[in-house]
Amino acid sequence: MTEHDEGQRVREAVRRHVRNSAFAEAEQVISFLLSDPGVQEARAQVEAAETQLGIELGSRLQPFQDRYDQAVRDGDAALLTGICPGKHGRWGRICVLDDGHETSMEEPHWGRNSEGRPIAWVGSTPDDW
């Protein structure tokens, strides 16, 4: 191993260490903030509002959920690619409406939560967030 290779290996190790330390620190800060009683109360209120709205929209939007479920069972990739990419995958939410529904139908994201209850929400995050 040359001196240049060794220096490159050390620099890469330092970068990984700094990145991992930053992620660990951010995770600690986020955990601390999320454990605050005020934040927990706000989260509960938002979740209750999203659940209520999801129930209210359910009778009108349930056919989209049925279509999504059928497409998943059938492996219908063409239909699934036309569905809204909006999701909160970490919380088990996948929007089952058509892509672009926020502007064409003026509807919030709508689907089921991880417990199977209807839920509506605004905004989206990638699965790995």
# chains A, B, ... in the order shown; residues from 1 in each chain; ligands from 1
$ residues_around --residues "Leu79 of chain A" --least-positions-apart "2" --cutoff "12 Å" --atoms "only C-alpha atoms" --output "tab-separated table (two decimals) with all heavy atoms, in the first residue's frame"
chain	number	residue	atom	x	y	z
A	64	PHE	N	-60.62	4.10	-4.36
A	64	PHE	CA	-59.19	4.21	-4.66
A	64	PHE	C	-58.39	3.19	-3.86
A	64	PHE	O	-57.44	2.60	-4.37
A	64	PHE	CB	-58.69	5.63	-4.38
A	64	PHE	CG	-59.20	6.65	-5.34
A	64	PHE	CD1	-60.31	7.41	-5.03
A	64	PHE	CD2	-58.56	6.88	-6.55
A	64	PHE	CE1	-60.80	8.37	-5.91
A	64	PHE	CE2	-59.02	7.83	-7.45
A	64	PHE	CZ	-60.16	8.57	-7.13
A	67	ARG	N	-59.02	-0.18	-5.46
A	67	ARG	CA	-58.24	-0.30	-6.69
A	67	ARG	C	-56.76	-0.57	-6.39
A	67	ARG	O	-56.12	-1.41	-7.00
A	67	ARG	CB	-58.39	1.00	-7.49
A	67	ARG	CG	-57.58	1.01	-8.79
A	67	ARG	CD	-57.56	2.37	-9.40
A	67	ARG	NE	-56.82	3.29	-8.54
A	67	ARG	CZ	-56.47	4.51	-8.87
A	67	ARG	NH1	-56.83	5.00	-10.04
A	67	ARG	NH2	-55.80	5.27	-8.05
A	68	TYR	N	-56.23	0.14	-5.40
A	68	TYR	CA	-54.83	-0.05	-5.00
A	68	TYR	C	-54.61	-1.48	-4.50
A	68	TYR	O	-53.66	-2.15	-4.92
A	68	TYR	CB	-54.45	0.96	-3.92
A	68	TYR	CG	-53.08	0.76	-3.35
A	68	TYR	CD1	-51.95	1.25	-4.01
A	68	TYR	CD2	-52.90	0.06	-2.16
A	68	TYR	CE1	-50.68	1.05	-3.49
A	68	TYR	CE2	-51.63	-0.14	-1.64
A	68	TYR	CZ	-50.53	0.35	-2.30
A	68	TYR	OH	-49.27	0.15	-1.79
A	69	ASP	N	-55.49	-1.93	-3.61
A	69	ASP	CA	-55.35	-3.29	-3.07
A	69	ASP	C	-55.39	-4.33	-4.18
A	69	ASP	O	-54.60	-5.29	-4.17
A	69	ASP	CB	-56.46	-3.57	-2.05
A	69	ASP	CG	-56.33	-2.74	-0.78
A	69	ASP	OD1	-55.23	-2.19	-0.52
A	69	ASP	OD2	-57.34	-2.62	-0.06
A	70	GLN	N	-56.29	-4.17	-5.15
A	70	GLN	CA	-56.40	-5.10	-6.27
A	70	GLN	C	-55.12	-5.07	-7.12
A	70	GLN	O	-54.61	-6.10	-7.53
A	70	GLN	CB	-57.62	-4.77	-7.14
A	70	GLN	CG	-57.87	-5.79	-8.23
A	70	GLN	CD	-58.26	-7.14	-7.68
A	70	GLN	OE1	-59.08	-7.24	-6.78
A	70	GLN	NE2	-57.65	-8.19	-8.20
A	71	ALA	N	-54.60	-3.87	-7.37
A	71	ALA	CA	-53.37	-3.73	-8.16
A	71	ALA	C	-52.20	-4.42	-7.46
A	71	ALA	O	-51.37	-5.07	-8.11
A	71	ALA	CB	-53.06	-2.26	-8.41
A	72	VAL	N	-52.14	-4.31	-6.14
A	72	VAL	CA	-51.07	-4.97	-5.39
A	72	VAL	C	-51.23	-6.49	-5.50
A	72	VAL	O	-50.27	-7.22	-5.76
A	72	VAL	CB	-51.06	-4.52	-3.92
A	72	VAL	CG1	-50.15	-5.39	-3.06
A	72	VAL	CG2	-50.63	-3.05	-3.82
A	73	ARG	N	-52.48	-6.97	-5.32
A	73	ARG	CA	-52.72	-8.42	-5.43
A	73	ARG	C	-52.36	-8.95	-6.81
A	73	ARG	O	-51.79	-10.01	-6.95
A	73	ARG	CB	-54.18	-8.74	-5.12
A	73	ARG	CG	-54.50	-8.80	-3.65
A	73	ARG	CD	-55.88	-9.40	-3.38
A	73	ARG	NE	-56.97	-8.66	-4.00
A	73	ARG	CZ	-57.57	-7.59	-3.46
A	73	ARG	NH1	-57.16	-7.15	-2.28
A	73	ARG	NH2	-58.55	-6.98	-4.08
A	74	ASP	N	-52.71	-8.17	-7.85
A	74	ASP	CA	-52.48	-8.61	-9.22
A	74	ASP	C	-51.08	-8.31	-9.73
A	74	ASP	O	-50.70	-8.75	-10.81
A	74	ASP	CB	-53.48	-7.93	-10.17
A	74	ASP	CG	-54.91	-8.34	-9.91
A	74	ASP	OD1	-55.14	-9.33	-9.17
A	74	ASP	OD2	-55.82	-7.65	-10.41
A	75	GLY	N	-50.33	-7.52	-8.97
A	75	GLY	CA	-49.00	-7.11	-9.43
A	75	GLY	C	-49.09	-6.20	-10.64
A	75	GLY	O	-48.25	-6.25	-11.53
A	76	ASP	N	-50.11	-5.36	-10.68
A	76	ASP	CA	-50.36	-4.46	-11.80
A	76	ASP	C	-49.45	-3.24	-11.72
A	76	ASP	O	-49.82	-2.18	-11.20
A	76	ASP	CB	-51.84	-4.04	-11.79
A	76	ASP	CG	-52.24	-3.25	-13.02
A	76	ASP	OD1	-51.35	-2.74	-13.73
A	76	ASP	OD2	-53.46	-3.14	-13.25
A	77	ALA	N	-48.25	-3.38	-12.26
A	77	ALA	CA	-47.25	-2.32	-12.17
A	77	ALA	C	-47.70	-1.06	-12.90
A	77	ALA	O	-47.44	0.05	-12.44
A	77	ALA	CB	-45.92	-2.80	-12.72
A	81	THR	N	-47.87	2.53	-10.95
A	81	THR	CA	-47.01	3.66	-11.29
A	81	THR	C	-47.81	4.94	-11.49
A	81	THR	O	-47.25	6.03	-11.46
A	81	THR	CB	-46.15	3.39	-12.55
A	81	THR	OG1	-47.02	3.09	-13.64
A	81	THR	CG2	-45.18	2.27	-12.31
A	82	GLY	N	-49.13	4.85	-11.67
A	82	GLY	CA	-49.97	6.03	-11.83
A	82	GLY	C	-50.53	6.53	-10.52
A	82	GLY	O	-51.27	7.51	-10.49
A	83	ILE	N	-50.18	5.85	-9.44
A	83	ILE	CA	-50.69	6.24	-8.12
A	83	ILE	C	-49.75	7.27	-7.51
A	83	ILE	O	-48.54	7.25	-7.74
A	83	ILE	CB	-50.85	5.00	-7.23
A	83	ILE	CG1	-52.01	4.17	-7.78
A	83	ILE	CG2	-51.08	5.36	-5.78
A	83	ILE	CD1	-52.25	2.88	-7.05
A	84	CYS	N	-50.30	8.14	-6.72
A	84	CYS	CA	-49.55	9.21	-6.06
A	84	CYS	C	-48.30	8.67	-5.37
A	84	CYS	O	-48.38	7.69	-4.64
A	84	CYS	CB	-50.47	9.90	-5.04
A	84	CYS	SG	-49.64	11.19	-4.09
A	96	VAL	N	-53.26	6.39	-1.90
A	96	VAL	CA	-53.81	5.51	-2.94
A	96	VAL	C	-54.51	6.29	-4.06
A	96	VAL	O	-55.08	5.69	-4.96
A	96	VAL	CB	-54.77	4.46	-2.33
A	96	VAL	CG1	-54.02	3.56	-1.36
A	96	VAL	CG2	-55.95	5.13	-1.65
A	97	LEU	N	-54.46	7.61	-4.00
A	97	LEU	CA	-55.11	8.43	-5.02
A	97	LEU	C	-54.22	8.51	-6.26
A	97	LEU	O	-53.06	8.11	-6.25
A	97	LEU	CB	-55.40	9.82	-4.46
A	97	LEU	CG	-56.28	9.85	-3.21
A	97	LEU	CD1	-56.49	11.28	-2.75
A	97	LEU	CD2	-57.60	9.15	-3.44
A	98	ASP	N	-54.77	9.06	-7.34
A	98	ASP	CA	-54.01	9.21	-8.57
A	98	ASP	C	-52.90	10.23	-8.40
A	98	ASP	O	-53.06	11.22	-7.66
A	98	ASP	CB	-54.93	9.66	-9.72
A	98	ASP	CG	-55.93	8.59	-10.11
A	98	ASP	OD1	-55.61	7.40	-9.97
A	98	ASP	OD2	-57.03	8.96	-10.56
A	99	ASP	N	-51.80	10.03	-9.10
A	99	ASP	CA	-50.72	11.00	-9.09
A	99	ASP	C	-51.26	12.34	-9.57
A	99	ASP	O	-52.01	12.42	-10.53
A	99	ASP	CB	-49.60	10.53	-10.02
A	99	ASP	CG	-48.33	11.34	-9.86
A	99	ASP	OD1	-48.22	12.11	-8.88
A	99	ASP	OD2	-47.44	11.20	-10.72
$ residues_around --residues "Thr51 of chain A" --least-positions-apart "5" --cutoff "12 Å" --atoms "only C-alpha atoms" --output "list of chain:residue names"
A:Ala44, A:Gln45, A:Val46, A:Glu56, A:Leu57, A:Gly58, A:Arg93, A:His109, A:Trp110, A:Gly111, A:Arg112, A:Asn113, A:Ser114, A:Glu115, A:Gly116, A:Arg117, A:Pro118, A:Ile119, A:Ala120, A:Trp121
$ select_by_dssp --residues "segment 6-112 of chain A" --states "helix (DSSP H, G or I)" --output "NGL selection string"
:A and (6-34 or 37-74 or 77-81 or 89-91 or 101-104)
$ write_last_selection --atoms "C-alpha atoms" --output "PDB file, in the first residue's frame"
ATOM      1  CA  GLU A   6      -2.952   5.019   3.152  1.00  0.00           C
ATOM      2  CA  GLY A   7      -3.760   8.734   3.356  1.00  0.00           C
ATOM      3  CA  GLN A   8      -6.886   8.225   1.253  1.00  0.00           C
ATOM      4  CA  ARG A   9      -8.011   5.355   3.503  1.00  0.00           C
ATOM      5  CA  VAL A  10      -7.528   7.512   6.610  1.00  0.00           C
ATOM      6  CA  ARG A  11      -9.428  10.447   5.071  1.00  0.00           C
ATOM      7  CA  GLU A  12     -12.319   8.135   4.147  1.00  0.00           C
ATOM      8  CA  ALA A  13     -12.375   6.705   7.681  1.00  0.00           C
ATOM      9  CA  VAL A  14     -12.439  10.204   9.181  1.00  0.00           C
ATOM     10  CA  ARG A  15     -15.301  11.233   6.849  1.00  0.00           C
ATOM     11  CA  ARG A  16     -17.306   8.140   7.838  1.00  0.00           C
ATOM     12  CA  HIS A  17     -16.670   8.815  11.521  1.00  0.00           C
ATOM     13  CA  VAL A  18     -17.730  12.473  11.231  1.00  0.00           C
ATOM     14  CA  ARG A  19     -20.865  11.561   9.261  1.00  0.00           C
ATOM     15  CA  ASN A  20     -21.828   8.766  11.688  1.00  0.00           C
ATOM     16  CA  SER A  21     -21.234  11.059  14.673  1.00  0.00           C
ATOM     17  CA  ALA A  22     -23.390  13.785  13.117  1.00  0.00           C
ATOM     18  CA  PHE A  23     -26.199  11.306  12.439  1.00  0.00           C
ATOM     19  CA  ALA A  24     -26.004   9.941  15.984  1.00  0.00           C
ATOM     20  CA  GLU A  25     -26.106  13.447  17.454  1.00  0.00           C
ATOM     21  CA  ALA A  26     -29.043  14.429  15.234  1.00  0.00           C
ATOM     22  CA  GLU A  27     -30.917  11.288  16.256  1.00  0.00           C
ATOM     23  CA  GLN A  28     -30.373  12.138  19.936  1.00  0.00           C
ATOM     24  CA  VAL A  29     -31.660  15.687  19.434  1.00  0.00           C
ATOM     25  CA  ILE A  30     -34.694  14.445  17.504  1.00  0.00           C
ATOM     26  CA  SER A  31     -35.453  11.827  20.172  1.00  0.00           C
ATOM     27  CA  PHE A  32     -35.175  14.473  22.879  1.00  0.00           C
ATOM     28  CA  LEU A  33     -37.518  16.832  21.031  1.00  0.00           C
ATOM     29  CA  LEU A  34     -40.041  14.109  20.261  1.00  0.00           C
ATOM     30  CA  PRO A  37     -44.799  16.411  26.394  1.00  0.00           C
ATOM     31  CA  GLY A  38     -45.857  19.435  24.321  1.00  0.00           C
ATOM     32  CA  VAL A  39     -44.602  17.824  21.127  1.00  0.00           C
ATOM     33  CA  GLN A  40     -46.332  14.555  22.035  1.00  0.00           C
ATOM     34  CA  GLU A  41     -49.608  16.409  22.641  1.00  0.00           C
ATOM     35  CA  ALA A  42     -49.318  18.254  19.307  1.00  0.00           C
ATOM     36  CA  ARG A  43     -48.580  14.980  17.529  1.00  0.00           C
ATOM     37  CA  ALA A  44     -51.635  13.358  19.127  1.00  0.00           C
ATOM     38  CA  GLN A  45     -53.821  16.279  18.007  1.00  0.00           C
ATOM     39  CA  VAL A  46     -52.506  16.127  14.438  1.00  0.00           C
ATOM     40  CA  GLU A  47     -52.981  12.354  14.345  1.00  0.00           C
ATOM     41  CA  ALA A  48     -56.563  12.702  15.626  1.00  0.00           C
ATOM     42  CA  ALA A  49     -57.344  15.346  12.980  1.00  0.00           C
ATOM     43  CA  GLU A  50     -55.790  13.214  10.220  1.00  0.00           C
ATOM     44  CA  THR A  51     -57.787  10.193  11.358  1.00  0.00           C
ATOM     45  CA  GLN A  52     -61.036  12.177  11.530  1.00  0.00           C
ATOM     46  CA  LEU A  53     -60.498  13.626   8.056  1.00  0.00           C
ATOM     47  CA  GLY A  54     -59.569  10.174   6.748  1.00  0.00           C
ATOM     48  CA  ILE A  55     -62.848   8.769   8.075  1.00  0.00           C
ATOM     49  CA  GLU A  56     -64.854  11.668   6.627  1.00  0.00           C
ATOM     50  CA  LEU A  57     -63.318  11.192   3.168  1.00  0.00           C
ATOM     51  CA  GLY A  58     -63.464   7.400   3.348  1.00  0.00           C
ATOM     52  CA  SER A  59     -66.883   6.850   1.828  1.00  0.00           C
ATOM     53  CA  ARG A  60     -65.912   8.867  -1.251  1.00  0.00           C
ATOM     54  CA  LEU A  61     -62.304   7.699  -1.588  1.00  0.00           C
ATOM     55  CA  GLN A  62     -62.607   4.004  -0.614  1.00  0.00           C
ATOM     56  CA  PRO A  63     -62.773   2.941  -4.299  1.00  0.00           C
ATOM     57  CA  PHE A  64     -59.190   4.209  -4.663  1.00  0.00           C
ATOM     58  CA  GLN A  65     -58.104   1.967  -1.778  1.00  0.00           C
ATOM     59  CA  ASP A  66     -59.927  -0.984  -3.351  1.00  0.00           C
ATOM     60  CA  ARG A  67     -58.239  -0.296  -6.694  1.00  0.00           C
ATOM     61  CA  TYR A  68     -54.830  -0.049  -5.001  1.00  0.00           C
ATOM     62  CA  ASP A  69     -55.351  -3.295  -3.067  1.00  0.00           C
ATOM     63  CA  GLN A  70     -56.398  -5.102  -6.272  1.00  0.00           C
ATOM     64  CA  ALA A  71     -53.370  -3.734  -8.159  1.00  0.00           C
ATOM     65  CA  VAL A  72     -51.068  -4.974  -5.391  1.00  0.00           C
ATOM     66  CA  ARG A  73     -52.718  -8.418  -5.426  1.00  0.00           C
ATOM     67  CA  ASP A  74     -52.482  -8.608  -9.225  1.00  0.00           C
ATOM     68  CA  ALA A  77     -47.249  -2.316 -12.169  1.00  0.00           C
ATOM     69  CA  ALA A  78     -48.842  -0.041 -14.772  1.00  0.00           C
ATOM     70  CA  LEU A  79     -51.645   0.959 -12.415  1.00  0.00           C
ATOM     71  CA  LEU A  80     -49.310   1.272  -9.432  1.00  0.00           C
ATOM     72  CA  THR A  81     -47.009   3.664 -11.290  1.00  0.00           C
ATOM     73  CA  GLY A  89     -43.601   4.939   4.611  1.00  0.00           C
ATOM     74  CA  ARG A  90     -42.055   5.015   8.060  1.00  0.00           C
ATOM     75  CA  TRP A  91     -45.562   5.369   9.524  1.00  0.00           C
ATOM     76  CA  HIS A 101     -54.556  14.553  -7.096  1.00  0.00           C
ATOM     77  CA  GLU A 102     -53.447  17.499  -4.971  1.00  0.00           C
ATOM     78  CA  THR A 103     -53.984  19.844  -7.905  1.00  0.00           C
ATOM     79  CA  SER A 104     -56.541  18.101 -10.103  1.00  0.00           C
TER      80      SER A 104
END
$ atom_distance --atom1 "atom CA of Cys95 of chain A" --atom2 "atom CA of Ser35 of chain A"
27.6 Å
$ decode --residues "segment 2-127 of chain A" --atoms "C-alpha atoms" --output "short mmCIF file (atom, residue, chain, number, x, y, z; two decimals), in the first residue's frame"
data_model
loop_
_atom_site.label_atom_id
_atom_site.label_comp_id
_atom_site.auth_asym_id
_atom_site.auth_seq_id
_atom_site.Cartn_x
_atom_site.Cartn_y
_atom_site.Cartn_z
CA THR A 2 1.39 3.37 -0.99
CA GLU A 3 1.51 6.40 1.23
CA HIS A 4 -1.15 8.04 -0.98
CA ASP A 5 -3.45 5.01 -0.61
CA GLU A 6 -2.95 5.02 3.15
CA GLY A 7 -3.76 8.73 3.36
CA GLN A 8 -6.89 8.22 1.25
CA ARG A 9 -8.01 5.35 3.50
CA VAL A 10 -7.53 7.51 6.61
CA ARG A 11 -9.43 10.45 5.07
CA GLU A 12 -12.32 8.13 4.15
CA ALA A 13 -12.38 6.70 7.68
CA VAL A 14 -12.44 10.20 9.18
CA ARG A 15 -15.30 11.23 6.85
CA ARG A 16 -17.31 8.14 7.84
CA HIS A 17 -16.67 8.82 11.52
CA VAL A 18 -17.73 12.47 11.23
CA ARG A 19 -20.87 11.56 9.26
CA ASN A 20 -21.83 8.77 11.69
CA SER A 21 -21.23 11.06 14.67
CA ALA A 22 -23.39 13.79 13.12
CA PHE A 23 -26.20 11.31 12.44
CA ALA A 24 -26.00 9.94 15.98
CA GLU A 25 -26.11 13.45 17.45
CA ALA A 26 -29.04 14.43 15.23
CA GLU A 27 -30.92 11.29 16.26
CA GLN A 28 -30.37 12.14 19.94
CA VAL A 29 -31.66 15.69 19.43
CA ILE A 30 -34.69 14.45 17.50
CA SER A 31 -35.45 11.83 20.17
CA PHE A 32 -35.18 14.47 22.88
CA LEU A 33 -37.52 16.83 21.03
CA LEU A 34 -40.04 14.11 20.26
CA SER A 35 -40.15 13.05 23.91
CA ASP A 36 -41.23 16.54 25.01
CA PRO A 37 -44.80 16.41 26.39
CA GLY A 38 -45.86 19.44 24.32
CA VAL A 39 -44.60 17.82 21.13
CA GLN A 40 -46.33 14.55 22.04
CA GLU A 41 -49.61 16.41 22.64
CA ALA A 42 -49.32 18.25 19.31
CA ARG A 43 -48.58 14.98 17.53
CA ALA A 44 -51.63 13.36 19.13
CA GLN A 45 -53.82 16.28 18.01
CA VAL A 46 -52.51 16.13 14.44
CA GLU A 47 -52.98 12.35 14.35
CA ALA A 48 -56.56 12.70 15.63
CA ALA A 49 -57.34 15.35 12.98
CA GLU A 50 -55.79 13.21 10.22
CA THR A 51 -57.79 10.19 11.36
CA GLN A 52 -61.04 12.18 11.53
CA LEU A 53 -60.50 13.63 8.06
CA GLY A 54 -59.57 10.17 6.75
CA ILE A 55 -62.85 8.77 8.08
CA GLU A 56 -64.85 11.67 6.63
CA LEU A 57 -63.32 11.19 3.17
CA GLY A 58 -63.46 7.40 3.35
CA SER A 59 -66.88 6.85 1.83
CA ARG A 60 -65.91 8.87 -1.25
CA LEU A 61 -62.30 7.70 -1.59
CA GLN A 62 -62.61 4.00 -0.61
CA PRO A 63 -62.77 2.94 -4.30
CA PHE A 64 -59.19 4.21 -4.66
CA GLN A 65 -58.10 1.97 -1.78
CA ASP A 66 -59.93 -0.98 -3.35
CA ARG A 67 -58.24 -0.30 -6.69
CA TYR A 68 -54.83 -0.05 -5.00
CA ASP A 69 -55.35 -3.29 -3.07
CA GLN A 70 -56.40 -5.10 -6.27
CA ALA A 71 -53.37 -3.73 -8.16
CA VAL A 72 -51.07 -4.97 -5.39
CA ARG A 73 -52.72 -8.42 -5.43
CA ASP A 74 -52.48 -8.61 -9.22
CA GLY A 75 -49.00 -7.11 -9.43
CA ASP A 76 -50.36 -4.46 -11.80
CA ALA A 77 -47.25 -2.32 -12.17
CA ALA A 78 -48.84 -0.04 -14.77
CA LEU A 79 -51.65 0.96 -12.42
CA LEU A 80 -49.31 1.27 -9.43
CA THR A 81 -47.01 3.66 -11.29
CA GLY A 82 -49.97 6.03 -11.83
CA ILE A 83 -50.69 6.24 -8.12
CA CYS A 84 -49.55 9.21 -6.06
CA PRO A 85 -45.96 8.90 -4.84
CA GLY A 86 -47.00 10.65 -1.59
CA LYS A 87 -46.29 8.55 1.44
CA HIS A 88 -45.07 8.40 4.95
CA GLY A 89 -43.60 4.94 4.61
CA ARG A 90 -42.05 5.02 8.06
CA TRP A 91 -45.56 5.37 9.52
CA GLY A 92 -47.19 2.88 7.16
CA ARG A 93 -49.02 5.46 5.04
CA ILE A 94 -49.28 5.17 1.28
CA CYS A 95 -51.50 7.53 -0.67
CA VAL A 96 -53.81 5.51 -2.94
CA LEU A 97 -55.11 8.43 -5.02
CA ASP A 98 -54.01 9.21 -8.57
CA ASP A 99 -50.72 11.00 -9.09
CA GLY A 100 -51.40 14.75 -9.21
CA HIS A 101 -54.56 14.55 -7.10
CA GLU A 102 -53.45 17.50 -4.97
CA THR A 103 -53.98 19.84 -7.91
CA SER A 104 -56.54 18.10 -10.10
CA MET A 105 -58.86 16.81 -7.36
CA GLU A 106 -57.69 19.18 -4.62
CA GLU A 107 -57.65 16.33 -2.13
CA PRO A 108 -55.11 15.69 0.63
CA HIS A 109 -53.18 12.43 0.54
CA TRP A 110 -55.50 9.59 1.55
CA GLY A 111 -55.04 5.93 2.41
CA ARG A 112 -54.82 3.69 5.43
CA ASN A 113 -52.42 3.88 8.36
CA SER A 114 -50.41 0.95 9.69
CA GLU A 115 -53.42 -0.12 11.80
CA GLY A 116 -55.64 -0.20 8.71
CA ARG A 117 -57.67 2.90 9.61
CA PRO A 118 -58.45 5.55 6.97
CA ILE A 119 -56.18 8.56 7.24
CA ALA A 120 -55.71 11.80 5.32
CA TRP A 121 -52.63 14.00 5.50
CA VAL A 122 -50.86 16.92 3.88
CA GLY A 123 -47.20 16.70 2.92
CA SER A 124 -45.01 13.72 2.29
CA THR A 125 -41.65 12.27 3.17
CA PRO A 126 -39.54 9.59 1.52
CA ASP A 127 -39.49 6.10 3.01
#
